[in-house]
Structures are given as structure tokens and as C-alpha cells.
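Trainee: One structure, as C-alpha cells, below. Some questions next.
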Amino acid sequence: MTDRPLIVWFRQDLRIADNPALHRASRSGSRLVCVYVHEDDDPAHDDVPAPRPLGGAARWWLHQSLLALDGDLRAIGGRLLLLKGPAAREIPGLARRIGAGAVLVNRVYDPEGAARDRAIAERLKADGIHMAGHNALLLHEPWTIETKTGGPYQVFTPFWRAARDKGEIPPPLAAPDRLDLVEDAPEGVPLVSLNLLPRIDWAGGIAASWTPGSAGARDRLAGFLNRALTGYKPDRDRPAGETTSRLSPHLRFGEIGPRTGWHAVHHAIEAQGLEGPARASADTFLTELGWREFSYHLLHHFPHLPARDLKETLTGFPWREDAAALDAWQRGRTGYPIVDAGMRQLWHTGWMHNRVRMVVASFLVKHLMIWWKPGEAWFWDTLVDADPASNTASWQWSAGTGADAAPYFRIFNPVLQGERFDGDGAYVRRWVPELAKLPDRYLHKPWTAPASVLATAGIRPGQTYPAPIVDHDQARERALAGYARTRKE
DNA sequence: TGAAATGTTGGGGCG
DNA sequence: ACGCCCCAACATTTC
């Protein structure tokens, strides 16, 4: 019970339920201010680093998510104060202005964000203000899991086994019933002034695909548990239809936490008595949460992960700079239907099915021999779930430089991947409609279709749909040759 | 959380 | 009946 007010500073935890910082503040008996600081447009400040600025699709999402959080807070007597500028200036400034006794946060784990938080904690401390950190984003914080020799894990399976051996995951915290706000808190800035929405409205397809905010996140989780959980293990690789949870952007912004998913899945296992393949499917879904944890583990212990190759196995590899090829990949005009479908789904909805992410990443890095960094940057700009840990860890995994990575010589054949996981062509027909009338047997390799079949389907190769920009067999040989040369040197 | 090349096996056609 | 070959099916190795 202190009479000095508290600041709850929201970052990657845009929710009121299972939010330890908010929970603690609401139970303190003190008045509080809930604040979000938008610092993307004023990065580093006084040598204090700032997290990587969000990409376009994520900015759109953030706008909607802040709106939703403000609504959720208002329903319990609160509101969200928005500030604009470097957090290293804004948070200490706010604390002084309201005479705060403490700042409560849920921790972030990207190196810049963590360094920023340490610097701000120091400044606050000089003013006699404590900054208290909690965990809202992860099942296990990165420093709590280590190998027998005390180091970080670099292979997923033992990492996940160790994580599961850590014991029970605490149940999610309830949302506060009621908040007592500081009465004379500053007004802050209006949401629109953050300029998060695009000037040209390209976000219609994204808006039609998603409901940002905690309520939308809970609906996604419930729908997934009801419809897709028990068949998840085999079905998750099929990109057509709702075979996955699609929770990634909600998790990325903390609209829902992994503890909630973890306990909901375990509840389903118990309540429905899942066993056999259904139980295996539930475990496979939990393993996907594990990969997210593993990514954060890697980012924390290897802070250069976003900047350079984790493993140096490909140092000296003859990467190509091919602006035309990169452009064809980004626009979904490579001539390989499963690749183009994925890239267009990404552009249109801000999201891509994970199986297809692996295929398009392999295609960029191996068929086109373009380094993973431009691919990662494109995903960062276009994905609503672009995550500082998962995005870089997954790109490095695909490229063969990451932890526990797919070896470089593991080259996806985009035709076989399409045929195996989109056999009826529902996914390709949805996102590459100019191929819709092609029979299944040619859909993933239109260049093999007889002229009469193409004509009937209304396809003019090179005009209505591009010819393949590289030949699979040749591209494969080229990549393997480059790899062999790298290894020899 | 690959694909392709290479190796092995065994059934069946056939002389 | 037997050996030979072909080749599908599966397994292993290699990239």
C-alpha cells in the first residue's frame, strides 16, 4: 500500500488478462496509469537503443490492438495513455510528472528492447523509482533453461525436453475487475497521431482476415480447439483451410499469452480424454509453442541472431544480388504456383501458412541463391506476426545457418511440396486464380501442360502467368555446387 | 519440419 | 524347373 501511483507500461503484452504487471499494480491499492509509448519514429535516444521499428503490416495491427486494449481497459474503469517519442525520455518524464512510486512492465527479450529497459531502470532508480519486471510473453524465460554444463541449448529437442521438465506452467491470471486511475494524468496523444495506418489504404485484405485484440485472440483459440486440435498433426501441413490456430499475430503483440494456450490445450486433453492420434496432435501443437520459446531462447543468448549467421557454415557462400529475382519472389511471380500462392497470401492477408513459409524461404535462399536477410526483411515488413525472435530464427533455420537448422542441401522441390500438401489445389487456386481452371495434375507444374490444356484453361505462359524464373533441377545443382565450393574453401 | 541418387529385394514374365 | 531380366517397392546414402 503506497500512496504514490504506479505506471503500467505496456509493450508486447497488449492484454488485461494474464498480465502480471497489470495484475500486480491493480492489487497494490495504488492509483495507476496505463501507458503505451510509440518510439518507432524516434529510434535511439541518448545512446539508449530502441527496438527494431515495426513493418507496415505490423503497424496496422498495432493500431487496431491499441484500440482494442483501450476498450478493454475502459470496461474496467481504466484507459490507455499514448505517448510518442523515445521511451527513455517519455517514461522517466511521466514518472516524474505524476510522482510515480514504481514502473511495472512485462519483460521483452530482443536485445535492443532489453538494453533500453535496463537503461530506463537506471534512470528511474536515480529518481528513487523502482522498475519491476514480470513475465507475460513466454512459458519459460530464456535464462531459466540451460544445459547440464550451464550453457544455452542449440538443438530444439533437448531444449524442449528440458522446458517440459521444468514443472507446471502457472495458470493464467484473471483480468482485474476494476482499476483506479490517477486523476490528473496527462492526456497523451490521440491514436491517429501515431500514424500507424497506411496513407494509401492497402490493408483491406488484412482487415478482412483478422480481428486484432484479446477478444479476437480468444475466439481464434476457441475455434481452433473446437475444430482443428485433434487433427492438427496431419492437417497442419495443409495450407488450404483453417488447419492451424492462426494465433501468431495475437501472441506476437501479447493479446493472448502462451500460458493461456498451454492450459487450454491441457484442459481439452483432460476434458475430452484425448488419446492416440488426437493426443499426439495436441502435443504437436504444444511443440509449436516450443519453437516460439526456442526462438526467444536463441535471441536472448545470441543477440546477434538478427544481424548475422549464427553458424558460419555458409560464410563465403556466393550469394547473388538479383533485384529482378527478388522482386518476382516478393510479388508472387516466380512461375512456381505454391511459391506464388504463398507470397500473394502474405501480401493480401499479412500472413502465410507455415509449411508454405518454409517452401518460399527455401526457394529464395536456394533456388535464387539470395541471402536470408532480404527475405527476412520482406517478411518483417509484410507479416502481421513479424516477431523479433521467430522471424530471424526461422529464416536462419531455413537458410541452414540457424540453430538445429535444416542443412543447406535440404532443398524443397516446390512441385512436390505443392502436390503433397495441396493435392487438390485449393490453396493455389485461391491465391493464383489465373491457374484456377488448370486440372490438378498440372496445377503445380503448369509448364508441363499440353498447349491445348493451357488454352482451355485460359493460360498464356509468360503472359497470364510467368514461366518459371529458374529451372528446378538446374537451380538445385547450382546451389549444391555453391555449397560444395564453400565447404572446400 | 527433404529430395535425389543409389542400393537391395522379391515377384513375375519369359525363354 | 530354372535362370535371367525387369522393375516396382522399399531402404540407405548422399547431397
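If you're wondering about the labels, chains in the C-alpha cells are A, B, ... by order shown, residues count from 1 in each chain, ligands from 1 in order shown.
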Given a cut-off of 10 Å, which residues of chain B touch chain A, counting only C-alpha atoms (C1' of nucleotides), written out as number ranges by chain?
Mentor: B: 1-3
Trainee: Just write the chosen residues, N, CA and C atoms (P, O5', C5', C4', C3', O3' and C1' of nucleotides), as a JSON list (two decimals), in the first residue's frame.
Mentor:
[["chain", "number", "residue", "atom", "x", "y", "z"],
["B", 1, "DT", "P", 10.84, -34.89, -38.75],
["B", 1, "DT", "O5'", 10.87, -33.42, -39.46],
["B", 1, "DT", "C5'", 10.23, -33.45, -40.74],
["B", 1, "DT", "C4'", 10.02, -32.04, -41.14],
["B", 1, "DT", "C3'", 11.33, -31.30, -41.45],
["B", 1, "DT", "O3'", 11.27, -30.85, -42.76],
["B", 1, "DT", "C1'", 9.86, -29.93, -40.33],
["B", 2, "DG", "P", 11.50, -30.32, -44.00],
["B", 2, "DG", "O5'", 12.30, -31.53, -44.65],
["B", 2, "DG", "C5'", 11.69, -32.39, -45.55],
["B", 2, "DG", "C4'", 12.06, -32.04, -46.96],
["B", 2, "DG", "C3'", 11.43, -32.93, -48.00],
["B", 2, "DG", "O3'", 11.29, -32.16, -49.17],
["B", 2, "DG", "C1'", 13.76, -33.31, -47.96],
["B", 3, "DA", "P", 10.58, -32.81, -50.44],
["B", 3, "DA", "O5'", 11.86, -33.25, -51.29],
["B", 3, "DA", "C5'", 12.74, -32.22, -51.72],
["B", 3, "DA", "C4'", 13.80, -32.81, -52.62],
["B", 3, "DA", "C3'", 13.30, -33.77, -53.69],
["B", 3, "DA", "O3'", 13.92, -33.38, -54.88],
["B", 3, "DA", "C1'", 14.99, -34.80, -52.39]]
Trainee: Excluding range 293-310 of chain A and its own-chain neighbours fewer than 6 positions away, which residues fall within 10 Å of it when counting only C-alpha atoms (C1' of nucleotides)? Please give them as a PyMOL selection string.
Mentor: chain A and resi 108-112+114+137-146+151-157+159-160+163+258+287+372-373+376+387-397+399-403
Trainee: Enumerate, as JSON, numbers by chain, the complete set of residues in range 216-429 of chain A that a backbone-based DSSP assignment places in alpha helix (DSSP H).
Mentor: {"A": [216, 217, 218, 219, 220, 221, 222, 223, 224, 225, 226, 227, 232, 233, 234, 235, 248, 249, 250, 251, 252, 258, 259, 260, 261, 262, 263, 264, 265, 266, 267, 268, 269, 270, 271, 276, 277, 278, 279, 280, 281, 282, 283, 284, 285, 286, 287, 288, 289, 290, 291, 292, 293, 294, 295, 296, 297, 298, 299, 300, 301, 323, 324, 325, 326, 327, 328, 329, 330, 331, 337, 338, 339, 340, 341, 342, 343, 344, 345, 346, 347, 348, 349, 354, 355, 356, 357, 358, 359, 360, 361, 362, 372, 373, 374, 375, 376, 377, 378, 379, 380, 381, 382, 390, 391, 392, 393, 394, 395, 396, 397, 398, 399, 414, 415, 416, 417, 418, 419, 420, 421, 426, 427, 428, 429]}
Trainee: Pull C-alpha atoms from the residues just selected and write them as a tab-separated table (two decimals), in the first residue's frame.
Mentor:
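Everything below was put into result23.tsv:
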chain	number	residue	atom	x	y	z
A	216	GLY	CA	-10.30	-11.89	-31.31
A	217	ALA	CA	-7.41	-13.91	-29.93
A	218	ARG	CA	-9.64	-15.85	-27.55
A	219	ASP	CA	-12.10	-16.54	-30.40
A	220	ARG	CA	-9.27	-17.90	-32.54
A	221	LEU	CA	-8.07	-20.15	-29.77
A	222	ALA	CA	-11.56	-21.45	-29.01
A	223	GLY	CA	-12.30	-22.08	-32.68
A	224	PHE	CA	-9.03	-23.91	-33.11
A	225	LEU	CA	-9.61	-26.12	-30.07
A	226	ASN	CA	-13.11	-26.98	-31.26
A	227	ARG	CA	-12.35	-27.66	-34.88
A	232	TYR	CA	-3.59	-30.99	-36.03
A	233	LYS	CA	-0.63	-33.30	-36.51
A	234	PRO	CA	-1.50	-34.43	-40.04
A	235	ASP	CA	-3.65	-31.45	-41.06
A	248	SER	CA	0.76	-15.92	-34.21
A	249	PRO	CA	-0.04	-12.20	-34.51
A	250	HIS	CA	-2.06	-12.27	-31.30
A	251	LEU	CA	0.87	-13.90	-29.49
A	252	ARG	CA	3.34	-11.50	-31.09
A	258	PRO	CA	1.28	-18.78	-24.19
A	259	ARG	CA	0.16	-19.79	-20.69
A	260	THR	CA	-3.43	-19.41	-21.82
A	261	GLY	CA	-2.90	-21.64	-24.84
A	262	TRP	CA	-0.93	-24.16	-22.81
A	263	HIS	CA	-3.65	-24.54	-20.19
A	264	ALA	CA	-6.47	-24.52	-22.73
A	265	VAL	CA	-4.86	-27.40	-24.62
A	266	HIS	CA	-4.26	-29.37	-21.45
A	267	HIS	CA	-7.84	-28.75	-20.43
A	268	ALA	CA	-9.00	-30.11	-23.79
A	269	ILE	CA	-6.78	-33.18	-23.32
A	270	GLU	CA	-8.35	-33.90	-19.95
A	271	ALA	CA	-11.93	-32.91	-20.69
A	276	GLY	CA	-3.78	-41.82	-29.62
A	277	PRO	CA	-3.55	-39.57	-32.67
A	278	ALA	CA	-5.69	-36.86	-31.08
A	279	ARG	CA	-3.37	-36.68	-28.10
A	280	ALA	CA	-0.35	-36.67	-30.41
A	281	SER	CA	-1.93	-33.75	-32.26
A	282	ALA	CA	-2.34	-31.77	-29.05
A	283	ASP	CA	1.30	-32.42	-28.19
A	284	THR	CA	2.36	-31.33	-31.66
A	285	PHE	CA	0.56	-28.05	-31.20
A	286	LEU	CA	2.29	-27.51	-27.86
A	287	THR	CA	5.58	-28.23	-29.62
A	288	GLU	CA	4.86	-25.28	-31.91
A	289	LEU	CA	4.67	-23.11	-28.82
A	290	GLY	CA	8.01	-24.72	-28.01
A	291	TRP	CA	9.59	-23.47	-31.23
A	292	ARG	CA	8.46	-19.99	-30.32
A	293	GLU	CA	10.09	-20.39	-26.92
A	294	PHE	CA	13.25	-21.75	-28.55
A	295	SER	CA	13.44	-18.71	-30.83
A	296	TYR	CA	13.33	-16.36	-27.85
A	297	HIS	CA	15.87	-18.52	-26.06
A	298	LEU	CA	18.22	-18.18	-29.02
A	299	LEU	CA	17.66	-14.44	-29.41
A	300	HIS	CA	18.44	-13.85	-25.75
A	301	HIS	CA	21.60	-15.95	-25.70
A	323	ALA	CA	16.90	-7.42	-57.80
A	324	ALA	CA	14.67	-8.82	-60.54
A	325	ALA	CA	14.51	-12.25	-58.94
A	326	LEU	CA	13.87	-10.78	-55.51
A	327	ASP	CA	11.09	-8.70	-56.98
A	328	ALA	CA	9.50	-11.71	-58.69
A	329	TRP	CA	9.62	-13.59	-55.38
A	330	GLN	CA	8.11	-10.70	-53.43
A	331	ARG	CA	5.28	-10.24	-55.91
A	337	PRO	CA	2.47	-21.94	-58.13
A	338	ILE	CA	2.96	-22.93	-54.49
A	339	VAL	CA	5.59	-20.21	-54.04
A	340	ASP	CA	3.48	-17.58	-55.75
A	341	ALA	CA	0.36	-18.57	-53.81
A	342	GLY	CA	2.24	-18.15	-50.53
A	343	MET	CA	3.73	-14.80	-51.42
A	344	ARG	CA	0.35	-13.48	-52.53
A	345	GLN	CA	-1.39	-14.76	-49.43
A	346	LEU	CA	1.25	-12.89	-47.45
A	347	TRP	CA	0.75	-9.68	-49.37
A	348	HIS	CA	-3.02	-9.85	-49.22
A	349	THR	CA	-3.61	-11.02	-45.64
A	354	ASN	CA	3.93	-22.13	-42.05
A	355	ARG	CA	4.51	-25.01	-44.47
A	356	VAL	CA	4.48	-22.51	-47.31
A	357	ARG	CA	6.80	-20.17	-45.41
A	358	MET	CA	9.36	-22.96	-45.39
A	359	VAL	CA	8.89	-23.55	-49.11
A	360	VAL	CA	9.20	-19.90	-50.13
A	361	ALA	CA	12.17	-19.38	-47.83
A	362	SER	CA	13.94	-22.39	-49.29
A	372	TRP	CA	18.19	-14.84	-45.98
A	373	LYS	CA	18.42	-11.20	-44.85
A	374	PRO	CA	16.39	-9.70	-47.73
A	375	GLY	CA	13.79	-12.41	-47.24
A	376	GLU	CA	13.62	-11.76	-43.54
A	377	ALA	CA	13.27	-8.02	-44.19
A	378	TRP	CA	10.36	-8.62	-46.57
A	379	PHE	CA	8.61	-10.82	-44.05
A	380	TRP	CA	9.26	-8.21	-41.37
A	381	ASP	CA	7.50	-5.59	-43.46
A	382	THR	CA	4.56	-7.69	-44.65
A	390	SER	CA	10.71	-16.16	-34.51
A	391	ASN	CA	11.25	-14.34	-37.78
A	392	THR	CA	15.03	-14.28	-37.66
A	393	ALA	CA	15.39	-17.68	-36.04
A	394	SER	CA	13.15	-19.26	-38.64
A	395	TRP	CA	14.88	-17.61	-41.59
A	396	GLN	CA	18.24	-18.78	-40.32
A	397	TRP	CA	16.77	-22.22	-39.83
A	398	SER	CA	15.59	-22.26	-43.44
A	399	ALA	CA	18.86	-20.93	-44.76
A	414	PRO	CA	8.27	-26.72	-54.91
A	415	VAL	CA	6.35	-29.04	-57.23
A	416	LEU	CA	6.46	-31.99	-54.87
A	417	GLN	CA	5.68	-29.82	-51.87
A	418	GLY	CA	2.66	-28.44	-53.69
A	419	GLU	CA	1.44	-31.84	-54.78
A	420	ARG	CA	1.95	-33.37	-51.37
A	421	PHE	CA	0.30	-30.69	-49.26
A	426	ALA	CA	-7.45	-25.47	-53.25
A	427	TYR	CA	-4.68	-23.23	-51.93
A	428	VAL	CA	-3.12	-22.44	-55.29
A	429	ARG	CA	-6.49	-21.81	-56.92
Trainee: May I have the residues within 10 Å of range 11-14 of chain B as a list in words, using only C-alpha atoms (C1' of nucleotides) and disregarding those fewer than 2 positions away in the same chain?
Mentor: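 Result of the neighbour search: DT9 of chain B; DC4, DC5, DC6, DC7 and DA8 of chain C.
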Trainee: List as a PyMOL selection string the protein and nucleic acid residues near DT14 in chain C, meaning an atom at most 9 Å away when only C-alpha atoms (C1' of nucleotides) are counted, but skip any in the same chain fewer than 4 places from it.
Mentor: chain B and resi 4-6
Trainee: To one decimal place in Å, what is the distance between CA of Ser30 in chain A and CA of Leu181 in chain A?
Mentor: 8.6 Å
Trainee: Please, what distance in Å, to one decimal, runs between CA of Val103 in chain A and CA of Arg24 in chain A?
Mentor: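 For CA of Val103 in chain A relative to CA of Arg24 in chain A, the distance reads 11.1 Å.
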Trainee: Can you tell me which residues surround Gly458 in chain A at a distance of at most 9 Å, considering only C-alpha atoms (C1' of nucleotides), apart from same-chain residues fewer than 5 positions away, and format the answer as JSON, numbers by chain?
Mentor: {"A": [434, 435, 437, 438, 453, 464]}
Trainee: Show me, as JSON, numbers by chain, the residues that have an atom within 8 Å of range 10-13 of chain A when counting only C-alpha atoms (C1' of nucleotides), minus same-chain residues fewer than 2 positions from it.
Mentor: {"A": [8, 15, 19, 34, 35, 36, 37, 105, 106, 108, 136, 137, 252, 253, 254, 255, 256, 257]}
Trainee: May I ask which of the residues A:Val470, A:Ala475, A:Val189, A:Val365 is the closest one to Lys84 in chain A, counting only C-alpha atoms?
Mentor: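 Going through A:Val470, A:Ala475, A:Val189, A:Val365 one by one, the smallest distance to Lys84 in chain A is for A:Val189.
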Trainee: Given the choices A:Asp440, A:Gly423, A:Tyr408, A:Asp473, which gets closest to chain C if the distance is worked out from only C-alpha atoms (C1' of nucleotides)?
Mentor: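 Using only C-alpha atoms (C1' of nucleotides), chain C sits closest to A:Tyr408.
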